[in-house]
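Engineer: Provided herewith is a single structure, encoded as structure tokens, for subsequent inquiry.
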Amino acid sequence: MREVRADGYQEFAAARAGHLYRSACLLTGGDTHLAEDLVQETLGRLYISWGRVSRAANPAGYAQTVLTRTFLAHQRRRSSKERATDVFPDVLDPRTADADMPLRLTLVEALGRLSAKDRAVVVLRYWEDRSIEETADAMNASSAAVRTRCVRALTRLRALLGESLDEYAAP
């Protein structure tokens, strides 16, 4: 029985790890090392409760919720000695290097300037395409709080991005 559970978990983890990593990168504002740590912690938590998770209606959504809550918990307990940086590594990943790279870097940098909860709202609502209620559930917040935070986060993003996206919006 345990092997069957482990096999199901391994298939799920292999299928979802990439998506979890991309979401974690957005949540962390481009900090790939922290994103990897968050994904590992998320997958570890899922493994521990895989029997219950595998029976859930939407295990992928459950995994995203665990990732978001893990990220928010990390933000709350982060040491005062740690400092976020806006410097990206010089090495580009050839798998993601394409014509949209400047746009992606601009967006990731802007996301990195948002507060942790604002980033979580933007990623859940617009990257994960979740409803307000699903986002509120994932963040342990009320729907009204998510709506308010969403409006404020988008206003802040627009202010941060300003006219820098005009060059990408041209036909």
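A note on labels: chains of the structure tokens are A, B, ... as shown, every chain counts residues from 1, and ligands are counted from 1 in their shown order.
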Can you tell me, as a tab-separated table (two decimals) with N, CA, C and O atoms, in the first residue's frame, what residues are no more than 9 Å from Glu41 in chain A when counting only C-alpha atoms, ignoring any on the same chain fewer than 5 positions away?
Structural biologist:
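Saved the output as selection-v1.tsv:
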```
chain	number	residue	atom	x	y	z
A	36	GLU	N	13.33	27.60	-4.81
A	36	GLU	CA	13.64	26.18	-4.72
A	36	GLU	C	13.37	25.65	-3.31
A	36	GLU	O	12.82	24.56	-3.14
A	46	LEU	N	3.50	18.02	1.40
A	46	LEU	CA	2.53	17.22	0.65
A	46	LEU	C	2.79	15.73	0.84
A	46	LEU	O	1.84	14.94	0.95
A	67	LEU	N	1.99	25.99	-1.05
A	67	LEU	CA	3.11	26.84	-1.46
A	67	LEU	C	2.91	28.28	-1.00
A	67	LEU	O	3.83	28.89	-0.43
A	70	THR	N	3.26	28.51	2.75
A	70	THR	CA	4.66	28.32	3.11
A	70	THR	C	5.44	29.61	2.87
A	70	THR	O	6.25	30.04	3.70
```
Engineer: Could you pull the residues within 12 Å of Ala145 in chain A, counting only C-alpha atoms, minus those fewer than 3 positions along the same chain, as a list in words?
Structural biologist: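 My list of contacting residues is Lys117, Asp118, Val121, Ile132, Glu133, Thr135, Ala136, Asp137, Met139, Asn140, Ala141, Ser142, Thr148, Arg149, Cys150, Val151, Arg152 and Ala153 of chain A.
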Engineer: Write to file, as an mmCIF file, in the first residue's frame, the residues of the selection just made, with N, CA, C and O atoms.
Structural biologist:
```cif
data_model
loop_
_atom_site.group_PDB
_atom_site.id
_atom_site.type_symbol
_atom_site.label_atom_id
_atom_site.label_comp_id
_atom_site.auth_asym_id
_atom_site.auth_seq_id
_atom_site.Cartn_x
_atom_site.Cartn_y
_atom_site.Cartn_z
ATOM 1 N N LYS A 117 2.518 39.888 0.863
ATOM 2 C CA LYS A 117 1.090 39.590 0.699
ATOM 3 C C LYS A 117 0.553 40.143 -0.616
ATOM 4 O O LYS A 117 -0.285 39.518 -1.259
ATOM 5 N N ASP A 118 1.040 41.310 -1.030
ATOM 6 C CA ASP A 118 0.620 41.865 -2.318
ATOM 7 C C ASP A 118 1.076 40.967 -3.461
ATOM 8 O O ASP A 118 0.331 40.712 -4.403
ATOM 9 N N VAL A 121 -1.144 37.910 -3.595
ATOM 10 C CA VAL A 121 -2.449 38.193 -4.195
ATOM 11 C C VAL A 121 -2.332 38.279 -5.710
ATOM 12 O O VAL A 121 -3.123 37.682 -6.446
ATOM 13 N N ILE A 132 -11.480 35.243 -6.259
ATOM 14 C CA ILE A 132 -11.227 35.990 -5.016
ATOM 15 C C ILE A 132 -11.407 35.073 -3.816
ATOM 16 O O ILE A 132 -10.618 35.108 -2.873
ATOM 17 N N GLU A 133 -12.434 34.229 -3.857
ATOM 18 C CA GLU A 133 -12.695 33.327 -2.735
ATOM 19 C C GLU A 133 -11.571 32.302 -2.568
ATOM 20 O O GLU A 133 -11.154 32.009 -1.450
ATOM 21 N N THR A 135 -8.473 32.674 -3.539
ATOM 22 C CA THR A 135 -7.304 33.412 -3.076
ATOM 23 C C THR A 135 -7.423 33.697 -1.578
ATOM 24 O O THR A 135 -6.455 33.542 -0.832
ATOM 25 N N ALA A 136 -8.605 34.105 -1.158
ATOM 26 C CA ALA A 136 -8.829 34.379 0.267
ATOM 27 C C ALA A 136 -8.599 33.125 1.100
ATOM 28 O O ALA A 136 -7.976 33.185 2.165
ATOM 29 N N ASP A 137 -9.073 31.992 0.613
ATOM 30 C CA ASP A 137 -8.874 30.730 1.331
ATOM 31 C C ASP A 137 -7.395 30.371 1.412
ATOM 32 O O ASP A 137 -6.902 29.974 2.471
ATOM 33 N N MET A 139 -4.890 32.336 1.400
ATOM 34 C CA MET A 139 -4.144 33.295 2.217
ATOM 35 C C MET A 139 -4.698 33.430 3.636
ATOM 36 O O MET A 139 -4.198 34.242 4.411
ATOM 37 N N ASN A 140 -5.734 32.671 3.953
ATOM 38 C CA ASN A 140 -6.388 32.794 5.261
ATOM 39 C C ASN A 140 -6.828 34.230 5.514
ATOM 40 O O ASN A 140 -6.558 34.816 6.555
ATOM 41 N N ALA A 141 -7.501 34.800 4.538
ATOM 42 C CA ALA A 141 -7.967 36.180 4.634
ATOM 43 C C ALA A 141 -9.414 36.235 4.163
ATOM 44 O O ALA A 141 -9.929 35.285 3.576
ATOM 45 N N SER A 142 -10.055 37.373 4.411
ATOM 46 C CA SER A 142 -11.427 37.534 3.944
ATOM 47 C C SER A 142 -11.430 37.950 2.478
ATOM 48 O O SER A 142 -10.433 38.451 1.952
ATOM 49 N N THR A 148 -9.347 44.389 -1.584
ATOM 50 C CA THR A 148 -8.636 45.618 -1.252
ATOM 51 C C THR A 148 -7.158 45.490 -1.579
ATOM 52 O O THR A 148 -6.563 46.373 -2.204
ATOM 53 N N ARG A 149 -6.561 44.388 -1.166
ATOM 54 C CA ARG A 149 -5.130 44.183 -1.418
ATOM 55 C C ARG A 149 -4.853 44.086 -2.912
ATOM 56 O O ARG A 149 -3.837 44.564 -3.397
ATOM 57 N N CYS A 150 -5.766 43.497 -3.651
ATOM 58 C CA CYS A 150 -5.607 43.357 -5.097
ATOM 59 C C CYS A 150 -5.599 44.734 -5.769
ATOM 60 O O CYS A 150 -4.733 45.016 -6.605
ATOM 61 N N VAL A 151 -6.535 45.576 -5.400
ATOM 62 C CA VAL A 151 -6.595 46.922 -5.980
ATOM 63 C C VAL A 151 -5.324 47.697 -5.644
ATOM 64 O O VAL A 151 -4.717 48.332 -6.513
ATOM 65 N N ARG A 152 -4.907 47.630 -4.393
ATOM 66 C CA ARG A 152 -3.696 48.349 -3.981
ATOM 67 C C ARG A 152 -2.446 47.807 -4.669
ATOM 68 O O ARG A 152 -1.565 48.562 -5.070
ATOM 69 N N ALA A 153 -2.358 46.481 -4.795
ATOM 70 C CA ALA A 153 -1.185 45.879 -5.433
ATOM 71 C C ALA A 153 -1.108 46.267 -6.909
ATOM 72 O O ALA A 153 -0.036 46.594 -7.415
#
```
Engineer: Show which residues sit within 12 Å of Gln40 in chain A, as a PyMOL selection string. Count only C-alpha atoms, and ignore same-chain residues fewer than 6 positions away.
Structural biologist: chain A and resi 13+16-18+20-21+24+33-34+46-47+63+66-67+70-71
Engineer: To one decimal place in Å, what is the distance between CA of Val146 in chain A and CA of Leu38 in chain A?
Structural biologist: 22.4 Å
Engineer: Which residues are near Glu109 in chain A? Cut-off 9 Å, only C-alpha atoms, ignore same chain within fewer than 3 positions. Put them as a tab-separated table (two decimals) with all heavy atoms, in the first residue's frame.
Structural biologist:
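Here's the written file result.tsv:
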```
chain	number	residue	atom	x	y	z
A	29	GLY	N	9.71	37.19	-5.94
A	29	GLY	CA	10.25	38.33	-6.68
A	29	GLY	C	11.52	37.99	-7.44
A	29	GLY	O	12.39	38.83	-7.62
A	30	GLY	N	11.64	36.74	-7.88
A	30	GLY	CA	12.79	36.33	-8.67
A	30	GLY	C	13.92	35.68	-7.89
A	30	GLY	O	14.94	35.33	-8.47
A	86	ASP	N	17.99	43.36	-5.48
A	86	ASP	CA	17.40	43.49	-6.80
A	86	ASP	C	18.39	43.11	-7.90
A	86	ASP	O	18.14	43.34	-9.07
A	86	ASP	CB	16.89	44.90	-7.03
A	86	ASP	CG	18.01	45.94	-6.96
A	86	ASP	OD1	19.11	45.60	-6.53
A	86	ASP	OD2	17.75	47.09	-7.34
A	104	ARG	N	9.83	40.05	-19.03
A	104	ARG	CA	9.78	39.20	-17.84
A	104	ARG	C	10.61	39.77	-16.70
A	104	ARG	O	10.18	39.80	-15.55
A	104	ARG	CB	10.27	37.79	-18.16
A	104	ARG	CG	9.34	37.01	-19.03
A	104	ARG	CD	9.92	35.67	-19.36
A	104	ARG	NE	9.14	35.03	-20.39
A	104	ARG	CZ	8.89	33.74	-20.41
A	104	ARG	NH1	9.37	32.97	-19.47
A	104	ARG	NH2	8.18	33.22	-21.37
A	105	LEU	N	11.81	40.22	-17.02
A	105	LEU	CA	12.67	40.79	-15.98
A	105	LEU	C	12.05	42.05	-15.38
A	105	LEU	O	12.13	42.27	-14.17
A	105	LEU	CB	14.06	41.09	-16.55
A	105	LEU	CG	14.91	39.87	-16.88
A	105	LEU	CD1	16.21	40.30	-17.55
A	105	LEU	CD2	15.18	39.04	-15.65
A	106	THR	N	11.44	42.86	-16.22
A	106	THR	CA	10.78	44.07	-15.73
A	106	THR	C	9.63	43.72	-14.80
A	106	THR	O	9.49	44.31	-13.72
A	106	THR	CB	10.25	44.90	-16.92
A	106	THR	OG1	11.35	45.24	-17.77
A	106	THR	CG2	9.57	46.16	-16.45
A	112	GLY	N	8.93	42.06	-7.25
A	112	GLY	CA	9.84	42.01	-6.11
A	112	GLY	C	9.74	43.22	-5.20
A	112	GLY	O	10.11	43.16	-4.04
A	113	ARG	N	9.25	44.33	-5.73
A	113	ARG	CA	9.10	45.54	-4.93
A	113	ARG	C	7.80	45.59	-4.15
A	113	ARG	O	7.61	46.48	-3.32
A	113	ARG	CB	9.21	46.77	-5.82
A	113	ARG	CG	10.60	46.95	-6.38
A	113	ARG	CD	10.66	48.20	-7.18
A	113	ARG	NE	12.01	48.46	-7.64
A	113	ARG	CZ	12.34	49.52	-8.33
A	113	ARG	NH1	11.43	50.43	-8.63
A	113	ARG	NH2	13.59	49.69	-8.72
```
